[in-house]
>>> print(open('coords-v7.txt').read())   # compact mmCIF, C-alpha atoms
# COMPACT_ATOMS: atom_id res chain seq x y z
CA MET A 1 -25.98 144.80 185.44
CA THR A 2 -29.50 145.02 184.06
CA GLY A 3 -31.21 141.91 182.74
CA ARG A 4 -29.60 138.50 182.48
CA PRO A 5 -28.01 137.30 179.21
CA GLN A 6 -29.17 133.90 178.06
CA LEU A 7 -26.88 131.04 179.18
CA ARG A 8 -26.35 127.99 176.94
CA SER A 9 -24.04 125.07 177.70
CA GLY A 10 -23.09 121.81 176.01
CA PRO A 11 -20.24 119.65 174.72
CA ASP A 12 -17.50 121.31 172.68
CA ASP A 13 -15.90 120.51 169.35
CA PRO A 14 -12.47 118.97 170.12
CA ALA A 15 -11.00 120.68 167.06
CA VAL A 16 -11.64 124.18 168.42
CA ALA A 17 -8.51 125.99 169.61
CA PRO A 18 -7.45 129.60 170.27
CA ARG A 19 -6.33 131.54 167.21
CA ALA A 20 -4.05 134.50 166.75
CA GLY A 21 -5.92 137.75 166.25
CA GLU A 22 -9.07 136.82 168.16
CA ASP A 23 -10.40 138.57 171.25
CA LEU A 24 -8.95 135.94 173.55
CA THR A 25 -9.32 135.45 177.30
CA ALA A 26 -7.55 132.39 178.68
CA PHE A 27 -6.04 130.61 181.67
CA TRP A 28 -4.32 127.28 181.04
CA SER A 29 -2.63 124.85 183.38
CA ARG A 30 -1.72 121.18 183.27
CA ARG A 31 -4.91 120.42 185.21
CA ARG A 32 -7.44 122.47 183.27
CA GLN A 33 -7.71 124.71 180.21
CA LEU A 34 -10.27 127.49 180.00
CA TRP A 35 -10.45 130.07 177.23
CA GLY A 36 -13.06 132.30 175.72
CA VAL A 37 -13.70 134.81 172.97
CA GLY A 38 -15.66 138.03 173.07
CA THR A 39 -16.92 139.78 176.18
CA ALA A 40 -20.43 139.18 177.51
CA VAL A 41 -19.99 141.10 180.78
CA ARG A 42 -17.29 143.26 182.32
CA ILE A 43 -17.42 143.24 186.11
CA GLU A 44 -16.00 146.39 187.68
CA VAL A 45 -14.74 145.82 191.23
CA PRO A 46 -14.44 149.05 193.23
CA ALA A 47 -11.31 149.99 195.14
CA PRO A 48 -9.97 148.44 197.23
CA TRP A 49 -10.51 145.25 195.24
CA VAL A 50 -9.75 142.98 198.21
CA GLU A 51 -12.89 144.28 199.99
CA HIS A 52 -15.36 144.11 197.09
CA LEU A 53 -14.85 140.73 195.43
CA ASP A 54 -18.40 139.74 196.39
CA VAL A 55 -19.46 141.79 193.34
CA VAL A 56 -18.01 139.04 191.15
CA ALA A 57 -19.92 136.30 192.95
CA ASP A 58 -23.14 138.29 192.66
CA VAL A 59 -22.81 138.73 188.88
CA LEU A 60 -21.86 135.10 188.29
CA GLY A 61 -24.74 133.92 190.46
CA ASP A 62 -27.15 136.05 188.47
CA LEU A 63 -25.78 134.75 185.16
CA ALA A 64 -26.07 131.16 186.41
CA GLY A 65 -29.71 131.74 187.35
CA GLY A 66 -29.18 130.67 190.95
CA THR A 67 -27.77 127.24 190.04
CA HIS A 68 -24.25 127.19 191.45
CA ASP A 69 -23.54 123.48 191.86
CA ALA A 70 -21.79 122.78 188.57
CA ALA A 71 -20.77 119.17 187.98
CA GLU A 72 -17.35 120.27 186.70
CA PRO A 73 -15.35 123.28 187.94
CA GLY A 74 -15.16 125.87 185.20
CA THR A 75 -18.53 125.05 183.62
CA GLY A 76 -21.28 127.64 183.47
CA PRO A 77 -20.36 131.34 183.49
CA VAL A 78 -16.71 131.99 184.37
CA ALA A 79 -15.06 135.31 185.17
CA PHE A 80 -11.38 135.90 184.43
CA GLY A 81 -9.42 138.53 186.31
CA ALA A 82 -5.91 139.99 186.23
CA LEU A 83 -5.89 141.92 189.49
CA PRO A 84 -3.63 144.85 190.32
CA TYR A 85 -0.67 144.20 192.57
CA ASP A 86 -1.87 147.13 194.67
CA ARG A 87 -4.57 145.82 197.02
CA SER A 88 -6.06 149.34 197.30
CA ALA A 89 -6.77 149.67 193.56
CA ALA A 90 -9.93 148.85 191.58
CA ALA A 91 -10.09 145.73 189.40
CA THR A 92 -11.94 144.31 186.41
CA PHE A 93 -13.16 140.79 185.58
CA VAL A 94 -14.24 139.57 182.15
CA VAL A 95 -16.95 136.99 181.40
CA PRO A 96 -16.38 135.74 177.82
CA SER A 97 -19.26 135.44 175.39
CA VAL A 98 -18.17 131.92 174.45
CA LEU A 99 -16.18 129.80 176.89
CA HIS A 100 -14.33 126.60 176.00
CA GLY A 101 -13.20 124.17 178.69
CA ARG A 102 -10.98 121.10 178.93
CA SER A 103 -10.70 118.98 182.09
CA PRO A 104 -7.90 116.54 183.04
CA ASP A 105 -10.04 113.53 182.13
CA GLY A 106 -10.55 114.80 178.57
CA ARG A 107 -14.03 116.24 179.01
CA ARG A 108 -14.76 119.24 176.77
CA TRP A 109 -17.51 121.79 177.15
CA ARG A 110 -18.73 125.08 175.71
CA THR A 111 -20.74 127.78 177.47
CA GLU A 112 -22.33 130.74 175.69
CA VAL A 113 -23.36 133.88 177.56
CA GLY A 114 -25.51 136.29 175.58
CA ASP A 115 -24.92 136.85 171.89
CA GLU A 116 -22.29 135.11 169.77
CA PRO A 117 -19.14 137.28 169.52
CA PRO A 118 -18.18 138.74 166.13
CA PRO A 119 -15.76 136.71 163.99
CA SER A 120 -12.11 137.25 164.86
CA GLY A 121 -9.95 139.31 162.56
CA ASP A 122 -6.51 138.55 161.24
CA ALA A 123 -3.55 138.83 163.58
CA PRO A 124 -1.39 141.89 163.00
CA PRO A 125 1.90 141.17 161.23
CA ALA A 126 4.84 140.18 163.37
CA PRO A 127 6.95 143.17 164.36
CA ARG A 128 10.10 143.78 162.35
CA ARG A 129 11.57 146.05 164.97
CA VAL A 130 11.23 145.77 168.75
CA GLU A 131 13.04 148.15 171.10
CA VAL A 132 13.58 147.36 174.77
CA GLU A 133 14.66 149.99 177.26
CA SER A 134 15.23 149.85 180.99
CA VAL A 135 12.96 152.46 182.57
CA ARG A 136 15.61 153.16 185.19
CA ASP A 137 19.38 153.08 184.84
CA PRO A 138 20.50 149.57 185.88
CA GLU A 139 23.16 150.97 188.18
CA ASP A 140 20.56 153.11 189.96
CA TRP A 141 18.49 149.96 190.44
CA CYS A 142 21.53 148.21 191.90
CA ASP A 143 21.86 151.11 194.33
CA ASP A 144 18.30 150.33 195.46
CA VAL A 145 19.34 146.74 196.14
CA ARG A 146 22.22 148.09 198.27
CA THR A 147 19.81 150.33 200.16
CA ALA A 148 17.50 147.38 200.78
CA THR A 149 20.31 145.14 202.08
CA LYS A 150 21.36 147.93 204.43
CA ARG A 151 17.81 148.27 205.83
CA ILE A 152 17.64 144.51 206.26
CA ALA A 153 21.01 144.41 208.03
CA GLU A 154 19.73 147.12 210.38
CA GLY A 155 16.86 144.84 211.37
CA HIS A 156 13.95 146.74 209.78
CA LEU A 157 12.80 143.69 207.78
CA THR A 158 14.03 140.28 206.59
CA LYS A 159 13.23 140.41 202.86
CA VAL A 160 11.90 142.74 200.19
CA VAL A 161 11.12 141.98 196.56
CA LEU A 162 12.30 144.64 194.12
CA ALA A 163 11.17 144.67 190.49
CA ARG A 164 12.78 146.30 187.48
CA GLU A 165 10.65 147.67 184.63
CA LEU A 166 11.42 147.36 180.94
CA ALA A 167 9.58 149.41 178.31
CA VAL A 168 8.96 147.66 174.98
CA ARG A 169 8.08 149.43 171.72
CA ALA A 170 7.33 147.59 168.48
CA ASP A 171 6.72 148.87 164.96
CA THR A 172 3.25 147.26 164.89
CA ASP A 173 0.56 146.38 167.42
CA LEU A 174 1.33 143.44 169.68
CA ASP A 175 -1.40 140.78 169.52
CA PRO A 176 -2.22 139.28 172.96
CA ALA A 177 -3.45 135.99 171.46
CA THR A 178 -0.25 135.58 169.46
CA VAL A 179 1.90 136.20 172.53
CA PHE A 180 -0.20 133.72 174.53
CA LEU A 181 0.22 131.00 171.89
CA ARG A 182 3.98 131.56 171.77
CA LEU A 183 4.20 131.23 175.55
CA ASP A 184 2.08 128.09 175.41
CA GLU A 185 4.68 126.56 173.10
CA THR A 186 7.71 127.61 175.12
CA ALA A 187 6.33 127.17 178.66
CA PRO A 188 3.80 124.29 178.53
CA HIS A 189 4.17 123.49 182.25
CA ALA A 190 3.51 127.05 183.41
CA TYR A 191 0.20 128.79 184.12
CA ARG A 192 -0.43 130.53 180.79
CA PHE A 193 -2.84 133.45 180.79
CA CYS A 194 -4.26 136.16 178.56
CA VAL A 195 -6.67 138.52 180.32
CA ASP A 196 -7.50 142.01 179.10
CA GLY A 197 -4.11 142.56 177.47
CA PHE A 198 -2.16 141.02 180.36
CA VAL A 199 -0.29 137.99 179.02
CA GLY A 200 2.21 135.66 180.62
CA ALA A 201 3.37 132.21 181.70
CA SER A 202 3.79 132.08 185.46
CA PRO A 203 5.47 129.16 187.22
CA GLU A 204 3.71 129.92 190.50
CA LEU A 205 0.24 128.88 191.68
CA LEU A 206 -1.09 131.39 194.19
CA VAL A 207 -4.13 129.26 195.09
CA SER A 208 -6.75 126.98 193.57
CA ARG A 209 -10.05 125.77 194.98
CA LEU A 210 -11.74 122.85 193.26
CA GLY A 211 -14.63 121.64 195.40
CA GLU A 212 -13.26 121.07 198.92
CA VAL A 213 -9.63 120.81 197.82
CA VAL A 214 -7.35 123.83 198.20
CA ARG A 215 -3.84 124.01 196.77
CA ALA A 216 -1.03 126.53 196.65
CA GLN A 217 2.53 126.16 195.43
CA PRO A 218 4.65 129.06 196.67
CA MET A 219 8.03 129.67 195.08
CA ALA A 220 10.98 131.54 196.53
CA GLY A 221 14.67 130.96 195.96
CA THR A 222 16.02 131.17 192.42
CA ALA A 223 19.02 129.96 190.43
CA PRO A 224 19.88 130.24 186.72
CA ARG A 225 19.52 127.50 184.09
CA SER A 226 21.97 127.17 181.21
CA GLY A 227 20.24 124.48 179.16
CA ASP A 228 23.05 122.02 179.83
CA PRO A 229 21.47 119.11 181.77
CA ASP A 230 24.52 118.31 183.88
CA SER A 231 25.14 121.93 184.80
CA ASP A 232 21.47 122.54 185.59
CA ARG A 233 21.32 119.47 187.83
CA ARG A 234 24.39 120.66 189.72
CA VAL A 235 22.95 124.16 190.18
CA ALA A 236 19.59 122.68 191.24
CA ALA A 237 21.32 120.60 193.92
CA GLU A 238 23.15 123.69 195.16
CA LEU A 239 19.87 125.61 195.28
CA ALA A 240 18.15 122.85 197.24
CA ALA A 241 21.04 122.81 199.74
CA SER A 242 21.38 126.60 200.05
CA GLY A 243 20.70 127.80 203.58
CA LYS A 244 19.96 131.34 202.34
CA ASP A 245 17.46 130.18 199.72
CA ARG A 246 15.83 127.58 201.98
CA TRP A 247 15.36 130.21 204.69
CA GLU A 248 13.87 132.69 202.20
CA HIS A 249 11.60 129.94 200.89
CA GLN A 250 10.38 128.92 204.35
CA ILE A 251 9.23 132.48 205.09
CA THR A 252 6.84 132.23 202.15
CA ILE A 253 5.62 128.73 203.02
CA ASP A 254 4.84 129.74 206.59
CA ALA A 255 2.93 132.84 205.46
CA VAL A 256 0.85 130.89 202.91
CA HIS A 257 0.07 128.14 205.43
CA GLU A 258 -1.02 130.67 208.05
CA ALA A 259 -3.27 132.54 205.59
CA ILE A 260 -5.13 129.43 204.36
CA LEU A 261 -5.35 127.46 207.61
CA PRO A 262 -8.41 129.25 209.12
CA TRP A 263 -10.60 127.89 206.28
CA CYS A 264 -9.32 124.32 206.50
CA SER A 265 -10.16 121.13 208.35
CA TYR A 266 -6.81 119.78 207.17
CA LEU A 267 -3.76 121.46 205.62
CA ASP A 268 -0.27 120.16 205.03
CA ALA A 269 2.87 121.08 203.11
CA GLU A 270 5.50 118.91 201.50
CA PRO A 271 8.31 118.20 203.97
CA ALA A 272 10.99 119.62 201.69
CA PRO A 273 10.88 121.88 198.64
CA SER A 274 11.49 120.61 195.12
CA VAL A 275 13.33 122.46 192.37
CA VAL A 276 11.06 123.52 189.50
CA ALA A 277 12.43 124.60 186.13
CA ALA A 278 10.95 127.81 184.73
CA GLY A 279 12.62 128.66 181.43
CA PRO A 280 15.93 130.43 182.05
CA VAL A 281 15.71 130.00 185.83
CA GLN A 282 14.69 127.41 188.43
CA HIS A 283 12.92 127.87 191.75
CA LEU A 284 12.40 126.20 195.08
CA ALA A 285 8.72 125.21 195.28
CA THR A 286 6.56 123.53 197.93
CA LEU A 287 3.04 122.21 197.40
CA VAL A 288 0.58 123.15 200.16
CA GLU A 289 -2.68 121.16 200.01
CA GLY A 290 -5.69 120.69 202.23
CA ARG A 291 -9.44 120.23 202.71
CA LEU A 292 -11.71 123.22 203.22
CA SER A 293 -14.32 123.35 205.96
CA ALA A 294 -17.98 124.23 205.38
CA PRO A 295 -19.16 126.77 204.46
CA LEU A 296 -16.67 126.67 201.61
CA PRO A 297 -14.91 129.94 200.84
CA SER A 298 -14.71 131.16 197.27
CA VAL A 299 -11.30 131.05 195.65
CA LEU A 300 -11.55 134.85 195.70
CA ASP A 301 -11.64 134.84 199.53
CA LEU A 302 -8.41 132.87 199.49
CA VAL A 303 -6.84 135.19 196.91
CA ALA A 304 -7.60 138.24 199.05
CA ALA A 305 -6.11 136.58 202.14
CA LEU A 306 -2.92 135.48 200.40
CA HIS A 307 -1.91 138.37 198.16
CA PRO A 308 0.83 139.48 198.21
CA THR A 309 2.86 136.57 199.53
CA PRO A 310 6.45 137.14 200.69
CA ALA A 311 7.55 135.71 197.31
CA VAL A 312 6.49 138.95 195.56
CA GLY A 313 6.28 141.41 198.46
CA GLY A 314 8.66 140.55 201.25
CA TRP A 315 8.50 140.10 205.01
CA PRO A 316 7.13 141.49 207.26
CA ARG A 317 4.51 142.42 204.70
CA ALA A 318 3.72 146.01 205.71
CA THR A 319 7.35 147.06 206.15
CA ALA A 320 8.40 145.37 202.93
CA LEU A 321 5.61 146.99 200.92
CA ASP A 322 6.54 150.42 202.29
CA LEU A 323 10.16 149.94 201.23
CA GLN A 324 9.05 148.56 197.88
CA ALA A 325 6.97 151.67 197.21
CA GLU A 326 9.84 153.92 198.26
CA LEU A 327 12.49 152.30 196.09
CA GLU A 328 10.57 151.19 193.00
CA SER A 329 8.78 154.53 192.54
CA ALA A 330 6.56 152.91 189.87
CA ASP A 331 3.09 151.42 189.72
CA ARG A 332 3.48 147.69 189.05
CA GLY A 333 0.05 147.58 187.43
CA ARG A 334 -1.01 143.93 187.25
CA TYR A 335 2.52 142.54 187.44
CA ALA A 336 2.78 140.06 190.36
CA GLY A 337 -0.94 140.43 191.07
CA PRO A 338 -3.32 137.46 191.10
CA VAL A 339 -4.47 136.28 187.66
CA GLY A 340 -6.94 133.48 187.03
CA TRP A 341 -10.60 132.43 186.92
CA VAL A 342 -13.60 131.83 189.17
CA ASP A 343 -16.94 130.16 188.46
CA ALA A 344 -20.36 130.64 190.04
CA SER A 345 -19.65 127.92 192.63
CA GLY A 346 -16.51 129.65 193.88
CA ASN A 347 -14.16 127.18 192.21
CA GLY A 348 -11.16 128.65 190.51
CA ALA A 349 -7.41 128.95 190.14
CA PHE A 350 -5.12 131.97 190.35
CA ALA A 351 -1.46 132.21 189.52
CA VAL A 352 0.96 134.91 190.58
CA GLY A 353 1.16 137.29 187.59
CA ILE A 354 4.91 137.12 187.03
CA ARG A 355 6.76 136.35 183.76
CA SER A 356 4.20 138.63 182.18
CA ALA A 357 3.69 141.63 179.93
CA GLU A 358 1.01 144.30 179.94
CA LEU A 359 0.22 145.10 176.28
CA ASP A 360 -1.14 148.37 174.96
CA GLY A 361 -1.12 148.60 171.18
CA SER A 362 2.51 148.62 170.05
CA HIS A 363 3.80 149.13 173.61
CA ALA A 364 4.32 146.76 176.51
CA ARG A 365 5.49 146.92 180.11
CA VAL A 366 7.59 144.02 181.37
CA PHE A 367 8.71 143.62 184.98
CA ALA A 368 11.13 141.18 186.56
CA GLY A 369 11.61 140.96 190.32
CA VAL A 370 14.05 139.47 192.81
CA GLY A 371 13.91 138.70 196.50
CA VAL A 372 16.48 140.81 198.33
CA VAL A 373 17.85 139.57 201.66
CA ALA A 374 20.77 140.69 203.83
CA ASP A 375 23.56 139.14 201.75
CA SER A 376 22.11 139.77 198.27
CA ASP A 377 24.63 140.83 195.63
CA PRO A 378 23.33 143.68 193.41
CA ALA A 379 25.10 142.45 190.26
CA ALA A 380 23.72 138.93 190.69
CA GLU A 381 20.22 140.29 191.31
CA LEU A 382 20.43 142.41 188.15
CA ALA A 383 21.48 139.36 186.16
CA GLU A 384 18.51 137.45 187.58
CA THR A 385 16.05 140.12 186.40
CA ARG A 386 17.53 139.86 182.91
CA ALA A 387 17.16 136.09 182.89
CA LYS A 388 13.56 136.22 184.07
CA ALA A 389 12.58 138.82 181.47
CA ARG A 390 14.18 136.97 178.56
CA ALA A 391 11.38 134.48 177.84
CA VAL A 392 8.69 137.17 177.89
CA LEU A 393 10.67 139.45 175.61
CA ASP A 394 11.17 136.59 173.17
CA ALA A 395 7.42 135.92 173.11
CA LEU A 396 6.72 139.55 172.26
CA GLY A 397 8.38 138.87 168.93
CA ARG A 398 11.88 140.20 169.08
CA PRO A 399 13.27 139.88 165.52
>>> encode(input="coords-v7.txt", output="structure tokens")
Amino acid sequence: MTGRPQLRSGPDDPAVAPRAGEDLTAFWSRRRQLWGVGTAVRIEVPAPWVEHLDVVADVLGDLAGGTHDAAEPGTGPVAFGALPYDRSAAATFVVPSVLHGRSPDGRRWRTEVGDEPPPSGDAPPAPRRVEVESVRDPEDWCDDVRTATKRIAEGHLTKVVLARELAVRADTDLDPATVFLRLDETAPHAYRFCVDGFVGASPELLVSRLGEVVRAQPMAGTAPRSGDPDSDRRVAAELAASGKDRWEHQITIDAVHEAILPWCSYLDAEPAPSVVAAGPVQHLATLVEGRLSAPLPSVLDLVAALHPTPAVGGWPRATALDLQAELESADRGRYAGPVGWVDASGNGAFAVGIRSAELDGSHARVFAGVGVVADSDPAAELAETRAKARAVLDALGRP
């Protein structure tokens, strides 16, 4: 990057909100909302992205003019990234021209980097026709689940996550901002994101770092939701008591705890998982929280150490990823990769990029994955992928 765009910060107008049709970049959670319009800087991270994330810190430090101790996480220049699932790929971060922020205590701020972005245009019309096609025959995918259970039974690994790809074609361009706003309405408790055409509402926090506090909330173990409160409570109780699901969940908790612990003076996990509703399904989830030791790592250091967790890869990691590559025979792109934001102080939050769609004009790629263990039933796993994909497909504007 040559030169340094001018940086201007101040309070924000509380009436400002994202609009359909604008060049939107966003990451929203219950704790903090950050969104921007326009692009001041694109930060290209060479392959493998896990080894070159210092490029992002360098650019943000230059934009901040050497002042990294922001009073509020997410103030000053902020870079948003939707990183590839493949750790060996290159990645891109976006620094919006105008950033809007909202903190849990109601504080609002605005940061401008460089020139004001051009006015947003009108959103494209809603599609009248949307076609969804499974990229692979569902029965062939079920055969892959059978192959995986056989390998697990033979002792090669304990779990592998297999994803199924759906190809979406609409009769008009799909607007990322519109999809984001729909997901914000239907999944207000999720981590909603819109970064470079990658849009979704993930239930799972990969990791956040706000000052000295580090948090993660891994999820593994899934059951359906019907919308009937009594039935959903019964299924949730069965999920919480399931030995299979609790064992699968504990693998992920142990891996996350081990990855974060070297940076911490204190780290603890909830003694038992809770059941978290996520649209058409519900998950076992455990909050892991601690205090970081000095010198504080950037949230990007923690992202690189954690990804992929057993919740999206499997266990042991290397064996599971090899089997994943063999059976899926498709590039996941940014599906199940880390997606979130980082500021010049190293604060930030990243979700796991599931319940997502990668938009490209009138086309989209949608993935849904399941954790396969020794006694997984292929038909049940197929049904789970359909349930997980439903909310995303609805947000894309199915007539």
>>> closest_residue(input="coords-v7.txt", among="A:Pro203, A:Pro224, A:Pro188, A:Pro297", to="A:Ser345", atoms="all atoms listed in the file")
A:Pro297
>>> closest_residue(input="coords-v7.txt", among="A:Thr286, A:Pro18, A:His363, A:Ser97", to="A:Ala272", atoms="all atoms listed in the file")
A:Thr286
>>> closest_residue(input="coords-v7.txt", among="A:Arg209, A:His307, A:Arg169, A:Arg215", to="A:Asp360", atoms="only C-alpha atoms")
A:Arg169
>>> residues_around(input="coords-v7.txt", residues="A:Asp343", least_positions_apart="2", cutoff="7 Å", atoms="all atoms listed in the file", output="compact mmCIF listing (two decimals) with C-alpha atoms, in the frame of the given file")
# COMPACT_ATOMS: atom_id res chain seq x y z
CA LEU A 60 -21.86 135.10 188.29
CA GLY A 74 -15.16 125.87 185.20
CA PRO A 77 -20.36 131.34 183.49
CA VAL A 78 -16.71 131.99 184.37
CA ALA A 79 -15.06 135.31 185.17
CA TRP A 341 -10.60 132.43 186.92
CA SER A 345 -19.65 127.92 192.63
CA GLY A 346 -16.51 129.65 193.88
CA ASN A 347 -14.16 127.18 192.21
CA GLY A 348 -11.16 128.65 190.51
>>> residues_around(input="coords-v7.txt", residues="A:Val312", least_positions_apart="3", cutoff="7 Å", atoms="all atoms listed in the file", output="list in words")
Val161, Pro308, Thr309 and Ala336 of chain A
>>> write_last_selection(input="coords-v7.txt", atoms="C-alpha atoms", output="CSV table (one decimal), keeping the file's coordinate frame")
chain,number,residue,atom,x,y,z
A,161,VAL,CA,11.1,142.0,196.6
A,308,PRO,CA,0.8,139.5,198.2
A,309,THR,CA,2.9,136.6,199.5
A,336,ALA,CA,2.8,140.1,190.4
>>> atom_distance(input="coords-v7.txt", atom1="atom CA of A:Leu205", atom2="atom CA of A:Gln217")
5.2 Å
>>> axis_aligned_box(input="coords-v7.txt", around="stretch 340-351 of chain A", padding_each_side="8 Å", output="JSON")
{"center_x": -10.9, "center_y": 130.3, "center_z": 190.4, "size_x": 34.9, "size_y": 22.3, "size_z": 23.0}
>>> residues_around(input="coords-v7.txt", residues="A:Ala89", least_positions_apart="2", cutoff="10 Å", atoms="only C-alpha atoms", output="list in words")
Val45, Pro46, Ala47, Pro48, Trp49, Val50, Leu83, Pro84, Tyr85, Asp86, Arg87, Ala91 and Gly333 of chain A
>>> closest_residue(input="coords-v7.txt", among="A:Glu326, A:Asp268, A:Asp245, A:Asp232", to="A:Gln282", atoms="only C-alpha atoms")
A:Asp232
>>> atom_distance(input="coords-v7.txt", atom1="atom CA of A:Trp247", atom2="atom CA of A:Val366")
28.2 Å
>>> closest_residue(input="coords-v7.txt", among="A:Ser362, A:Thr25, A:Thr75, A:Ser376", to="A:Ala344", atoms="only C-alpha atoms")
A:Thr75
>>> build_atoms(input="coords-v7.txt", residues="stretch 84-105 of chain A", atoms="N, CA and C atoms", output="JSON list (two decimals), in the coordinates of the input")
[["chain", "number", "residue", "atom", "x", "y", "z"],
["A", 84, "PRO", "N", -4.80, 144.02, 190.05],
["A", 84, "PRO", "CA", -3.63, 144.85, 190.32],
["A", 84, "PRO", "C", -2.83, 144.32, 191.51],
["A", 85, "TYR", "N", -1.52, 144.54, 191.43],
["A", 85, "TYR", "CA", -0.67, 144.20, 192.57],
["A", 85, "TYR", "C", -1.08, 144.99, 193.81],
["A", 86, "ASP", "N", -1.46, 146.24, 193.59],
["A", 86, "ASP", "CA", -1.87, 147.13, 194.67],
["A", 86, "ASP", "C", -3.25, 146.71, 195.19],
["A", 87, "ARG", "N", -3.30, 146.27, 196.43],
["A", 87, "ARG", "CA", -4.57, 145.82, 197.02],
["A", 87, "ARG", "C", -5.59, 146.96, 197.15],
["A", 88, "SER", "N", -5.14, 148.21, 197.12],
["A", 88, "SER", "CA", -6.06, 149.34, 197.30],
["A", 88, "SER", "C", -6.64, 149.84, 195.99],
["A", 89, "ALA", "N", -6.28, 149.23, 194.87],
["A", 89, "ALA", "CA", -6.77, 149.67, 193.56],
["A", 89, "ALA", "C", -8.10, 149.01, 193.21],
["A", 90, "ALA", "N", -8.75, 149.49, 192.15],
["A", 90, "ALA", "CA", -9.93, 148.85, 191.58],
["A", 90, "ALA", "C", -9.49, 147.73, 190.64],
["A", 91, "ALA", "N", -10.42, 146.86, 190.26],
["A", 91, "ALA", "CA", -10.09, 145.73, 189.40],
["A", 91, "ALA", "C", -11.24, 145.47, 188.43],
["A", 92, "THR", "N", -10.95, 144.68, 187.42],
["A", 92, "THR", "CA", -11.94, 144.31, 186.41],
["A", 92, "THR", "C", -11.88, 142.81, 186.13],
["A", 93, "PHE", "N", -13.05, 142.18, 186.01],
["A", 93, "PHE", "CA", -13.16, 140.79, 185.58],
["A", 93, "PHE", "C", -13.91, 140.76, 184.25],
["A", 94, "VAL", "N", -13.62, 139.74, 183.47],
["A", 94, "VAL", "CA", -14.24, 139.57, 182.15],
["A", 94, "VAL", "C", -14.94, 138.21, 182.10],
["A", 95, "VAL", "N", -16.22, 138.22, 181.68],
["A", 95, "VAL", "CA", -16.95, 136.99, 181.40],
["A", 95, "VAL", "C", -17.04, 136.86, 179.89],
["A", 96, "PRO", "N", -16.36, 135.86, 179.28],
["A", 96, "PRO", "CA", -16.38, 135.74, 177.82],
["A", 96, "PRO", "C", -17.76, 135.40, 177.28],
["A", 97, "SER", "N", -18.00, 135.79, 176.04],
["A", 97, "SER", "CA", -19.26, 135.44, 175.39],
["A", 97, "SER", "C", -19.35, 133.94, 175.11],
["A", 98, "VAL", "N", -18.24, 133.36, 174.69],
["A", 98, "VAL", "CA", -18.17, 131.92, 174.45],
["A", 98, "VAL", "C", -16.97, 131.37, 175.19],
["A", 99, "LEU", "N", -17.23, 130.41, 176.07],
["A", 99, "LEU", "CA", -16.18, 129.80, 176.89],
["A", 99, "LEU", "C", -15.97, 128.36, 176.45],
["A", 100, "HIS", "N", -14.70, 127.97, 176.30],
["A", 100, "HIS", "CA", -14.33, 126.60, 176.00],
["A", 100, "HIS", "C", -13.56, 126.04, 177.19],
["A", 101, "GLY", "N", -13.86, 124.79, 177.55],
["A", 101, "GLY", "CA", -13.20, 124.17, 178.69],
["A", 101, "GLY", "C", -12.70, 122.78, 178.39],
["A", 102, "ARG", "N", -11.57, 122.43, 179.01],
["A", 102, "ARG", "CA", -10.98, 121.10, 178.93],
["A", 102, "ARG", "C", -10.60, 120.67, 180.33],
["A", 103, "SER", "N", -11.04, 119.49, 180.77],
["A", 103, "SER", "CA", -10.70, 118.98, 182.09],
["A", 103, "SER", "C", -9.62, 117.91, 181.99],
["A", 104, "PRO", "N", -8.99, 117.53, 183.10],
["A", 104, "PRO", "CA", -7.90, 116.54, 183.04],
["A", 104, "PRO", "C", -8.32, 115.19, 182.47],
["A", 105, "ASP", "N", -9.60, 114.83, 182.62],
["A", 105, "ASP", "CA", -10.04, 113.53, 182.13],
["A", 105, "ASP", "C", -10.47, 113.57, 180.66]]
